Amino acid sequence: MKTVDARGLSCPQPVLMTKNALASNEKQYEVLVDNSTAKENVTRFATNSGYKVSVEEKGDDFVLTLSK
């Protein structure tokens, strides 16, 4: 599983980092973000790219698990 740590970054950076990671064609990804705007934007992008997204809240962070 490839991990993208986009905490502390504002959009569109988390989406661009996720897009770059998806180019590696792994089966599953973990994206770490720390604000709801990034969570919503990454979720929307991943869903539109054909991934299922599950979101877990850990403290102040969101852990998004993307899987095909």
# chains A, B, ... in the order shown; residues from 1 in each chain; ligands from 1
call {"tool": "select_by_dssp", "arguments": {"residues": "chain A", "states": "helix (DSSP H, G or I)", "output": "PyMOL selection string"}}
result
chain A and resi 13-22+36-48
call {"tool": "write_last_selection", "arguments": {"atoms": "N, CA and C atoms", "output": "PDB file, in the first residue's frame"}}
result
ATOM      1  N   GLN A  13      -2.979  20.873  -3.803  1.00  0.00           N
ATOM      2  CA  GLN A  13      -1.798  20.027  -3.607  1.00  0.00           C
ATOM      3  C   GLN A  13      -2.125  18.585  -3.211  1.00  0.00           C
ATOM      4  N   PRO A  14      -3.027  18.322  -2.237  1.00  0.00           N
ATOM      5  CA  PRO A  14      -3.326  16.924  -1.899  1.00  0.00           C
ATOM      6  C   PRO A  14      -3.901  16.127  -3.077  1.00  0.00           C
ATOM      7  N   VAL A  15      -4.715  16.763  -3.893  1.00  0.00           N
ATOM      8  CA  VAL A  15      -5.284  16.081  -5.064  1.00  0.00           C
ATOM      9  C   VAL A  15      -4.180  15.773  -6.075  1.00  0.00           C
ATOM     10  N   LEU A  16      -3.285  16.717  -6.303  1.00  0.00           N
ATOM     11  CA  LEU A  16      -2.192  16.498  -7.255  1.00  0.00           C
ATOM     12  C   LEU A  16      -1.249  15.395  -6.769  1.00  0.00           C
ATOM     13  N   MET A  17      -0.975  15.359  -5.460  1.00  0.00           N
ATOM     14  CA  MET A  17      -0.120  14.304  -4.912  1.00  0.00           C
ATOM     15  C   MET A  17      -0.794  12.945  -5.058  1.00  0.00           C
ATOM     16  N   THR A  18      -2.105  12.900  -4.849  1.00  0.00           N
ATOM     17  CA  THR A  18      -2.855  11.654  -5.002  1.00  0.00           C
ATOM     18  C   THR A  18      -2.841  11.213  -6.456  1.00  0.00           C
ATOM     19  N   LYS A  19      -3.045  12.161  -7.354  1.00  0.00           N
ATOM     20  CA  LYS A  19      -3.033  11.838  -8.790  1.00  0.00           C
ATOM     21  C   LYS A  19      -1.688  11.250  -9.198  1.00  0.00           C
ATOM     22  N   ASN A  20      -0.612  11.827  -8.728  1.00  0.00           N
ATOM     23  CA  ASN A  20       0.727  11.315  -9.043  1.00  0.00           C
ATOM     24  C   ASN A  20       0.928   9.915  -8.474  1.00  0.00           C
ATOM     25  N   ALA A  21       0.430   9.678  -7.267  1.00  0.00           N
ATOM     26  CA  ALA A  21       0.573   8.358  -6.644  1.00  0.00           C
ATOM     27  C   ALA A  21      -0.212   7.300  -7.410  1.00  0.00           C
ATOM     28  N   LEU A  22      -1.405   7.649  -7.901  1.00  0.00           N
ATOM     29  CA  LEU A  22      -2.230   6.684  -8.623  1.00  0.00           C
ATOM     30  C   LEU A  22      -1.567   6.201  -9.910  1.00  0.00           C
ATOM     31  N   SER A  36     -11.038  19.166   6.114  1.00  0.00           N
ATOM     32  CA  SER A  36     -12.194  18.552   5.453  1.00  0.00           C
ATOM     33  C   SER A  36     -12.278  18.903   3.966  1.00  0.00           C
ATOM     34  N   THR A  37     -11.777  20.064   3.575  1.00  0.00           N
ATOM     35  CA  THR A  37     -11.800  20.427   2.151  1.00  0.00           C
ATOM     36  C   THR A  37     -10.933  19.467   1.350  1.00  0.00           C
ATOM     37  N   ALA A  38      -9.736  19.194   1.843  1.00  0.00           N
ATOM     38  CA  ALA A  38      -8.844  18.253   1.158  1.00  0.00           C
ATOM     39  C   ALA A  38      -9.466  16.861   1.154  1.00  0.00           C
ATOM     40  N   LYS A  39     -10.090  16.465   2.259  1.00  0.00           N
ATOM     41  CA  LYS A  39     -10.743  15.151   2.342  1.00  0.00           C
ATOM     42  C   LYS A  39     -11.815  15.032   1.264  1.00  0.00           C
ATOM     43  N   GLU A  40     -12.654  16.054   1.137  1.00  0.00           N
ATOM     44  CA  GLU A  40     -13.733  16.020   0.145  1.00  0.00           C
ATOM     45  C   GLU A  40     -13.188  16.023  -1.279  1.00  0.00           C
ATOM     46  N   ASN A  41     -12.177  16.853  -1.539  1.00  0.00           N
ATOM     47  CA  ASN A  41     -11.627  16.946  -2.896  1.00  0.00           C
ATOM     48  C   ASN A  41     -10.901  15.672  -3.316  1.00  0.00           C
ATOM     49  N   VAL A  42     -10.115  15.087  -2.412  1.00  0.00           N
ATOM     50  CA  VAL A  42      -9.407  13.840  -2.729  1.00  0.00           C
ATOM     51  C   VAL A  42     -10.423  12.713  -2.920  1.00  0.00           C
ATOM     52  N   THR A  43     -11.446  12.672  -2.057  1.00  0.00           N
ATOM     53  CA  THR A  43     -12.490  11.651  -2.189  1.00  0.00           C
ATOM     54  C   THR A  43     -13.184  11.760  -3.539  1.00  0.00           C
ATOM     55  N   ARG A  44     -13.540  12.955  -3.935  1.00  0.00           N
ATOM     56  CA  ARG A  44     -14.217  13.176  -5.226  1.00  0.00           C
ATOM     57  C   ARG A  44     -13.318  12.744  -6.382  1.00  0.00           C
ATOM     58  N   PHE A  45     -12.047  13.146  -6.331  1.00  0.00           N
ATOM     59  CA  PHE A  45     -11.111  12.791  -7.398  1.00  0.00           C
ATOM     60  C   PHE A  45     -10.938  11.274  -7.495  1.00  0.00           C
ATOM     61  N   ALA A  46     -10.748  10.624  -6.340  1.00  0.00           N
ATOM     62  CA  ALA A  46     -10.520   9.178  -6.340  1.00  0.00           C
ATOM     63  C   ALA A  46     -11.754   8.429  -6.834  1.00  0.00           C
ATOM     64  N   THR A  47     -12.927   8.852  -6.418  1.00  0.00           N
ATOM     65  CA  THR A  47     -14.175   8.220  -6.857  1.00  0.00           C
ATOM     66  C   THR A  47     -14.330   8.361  -8.368  1.00  0.00           C
ATOM     67  N   ASN A  48     -14.055   9.545  -8.881  1.00  0.00           N
ATOM     68  CA  ASN A  48     -14.145   9.776 -10.329  1.00  0.00           C
ATOM     69  C   ASN A  48     -13.080   8.995 -11.097  1.00  0.00           C
TER      70      ASN A  48
END
call {"tool": "select_by_dssp", "arguments": {"residues": "chain A", "states": "strand (DSSP E)", "output": "PyMOL selection string"}}
result
chain A and resi 2-5+28-33+52-58+61-67
call {"tool": "residues_around", "arguments": {"residues": "Asp5 of chain A", "least_positions_apart": "5", "cutoff": "7 Å", "atoms": "only C-alpha atoms", "output": "list in words"}}
result
Val31, Leu32 and Val33 of chain A
call {"tool": "residues_around", "arguments": {"residues": "Asp34 of chain A", "least_positions_apart": "5", "cutoff": "7 Å", "atoms": "only C-alpha atoms", "output": "PyMOL selection string"}}
result
chain A and resi 7-8+60-62
call {"tool": "closest_residue", "arguments": {"among": "A:Gln28, A:Ser49, A:Asn35, A:Ser54", "to": "Val4 of chain A", "atoms": "only C-alpha atoms"}}
result
A:Gln28
call {"tool": "atom_distance", "arguments": {"atom1": "atom CA of Ala23 of chain A", "atom2": "atom CA of Lys58 of chain A"}}
result
26.7 Å
call {"tool": "residues_around", "arguments": {"residues": "Thr65 of chain A", "least_positions_apart": "6", "cutoff": "6 Å", "atoms": "only C-alpha atoms", "output": "list in words"}}
result
Tyr29, Glu30, Val53 and Ser54 of chain A
call {"tool": "write_last_selection", "arguments": {"atoms": "C-alpha atoms", "output": "PDB file, in the first residue's frame"}}
result
ATOM      1  CA  TYR A  29      -3.487   3.732  -1.355  1.00  0.00           C
ATOM      2  CA  GLU A  30      -3.620   5.583   1.940  1.00  0.00           C
ATOM      3  CA  VAL A  53     -12.880   5.438  -0.725  1.00  0.00           C
ATOM      4  CA  SER A  54     -13.243   4.812   2.984  1.00  0.00           C
TER       5      SER A  54
END
call {"tool": "atom_distance", "arguments": {"atom1": "atom CA of Lys27 of chain A", "atom2": "atom CA of Gly50 of chain A"}}
result
11.5 Å
call {"tool": "atom_distance", "arguments": {"atom1": "atom CA of Asn25 of chain A", "atom2": "atom CA of Pro12 of chain A"}}
result
21.2 Å
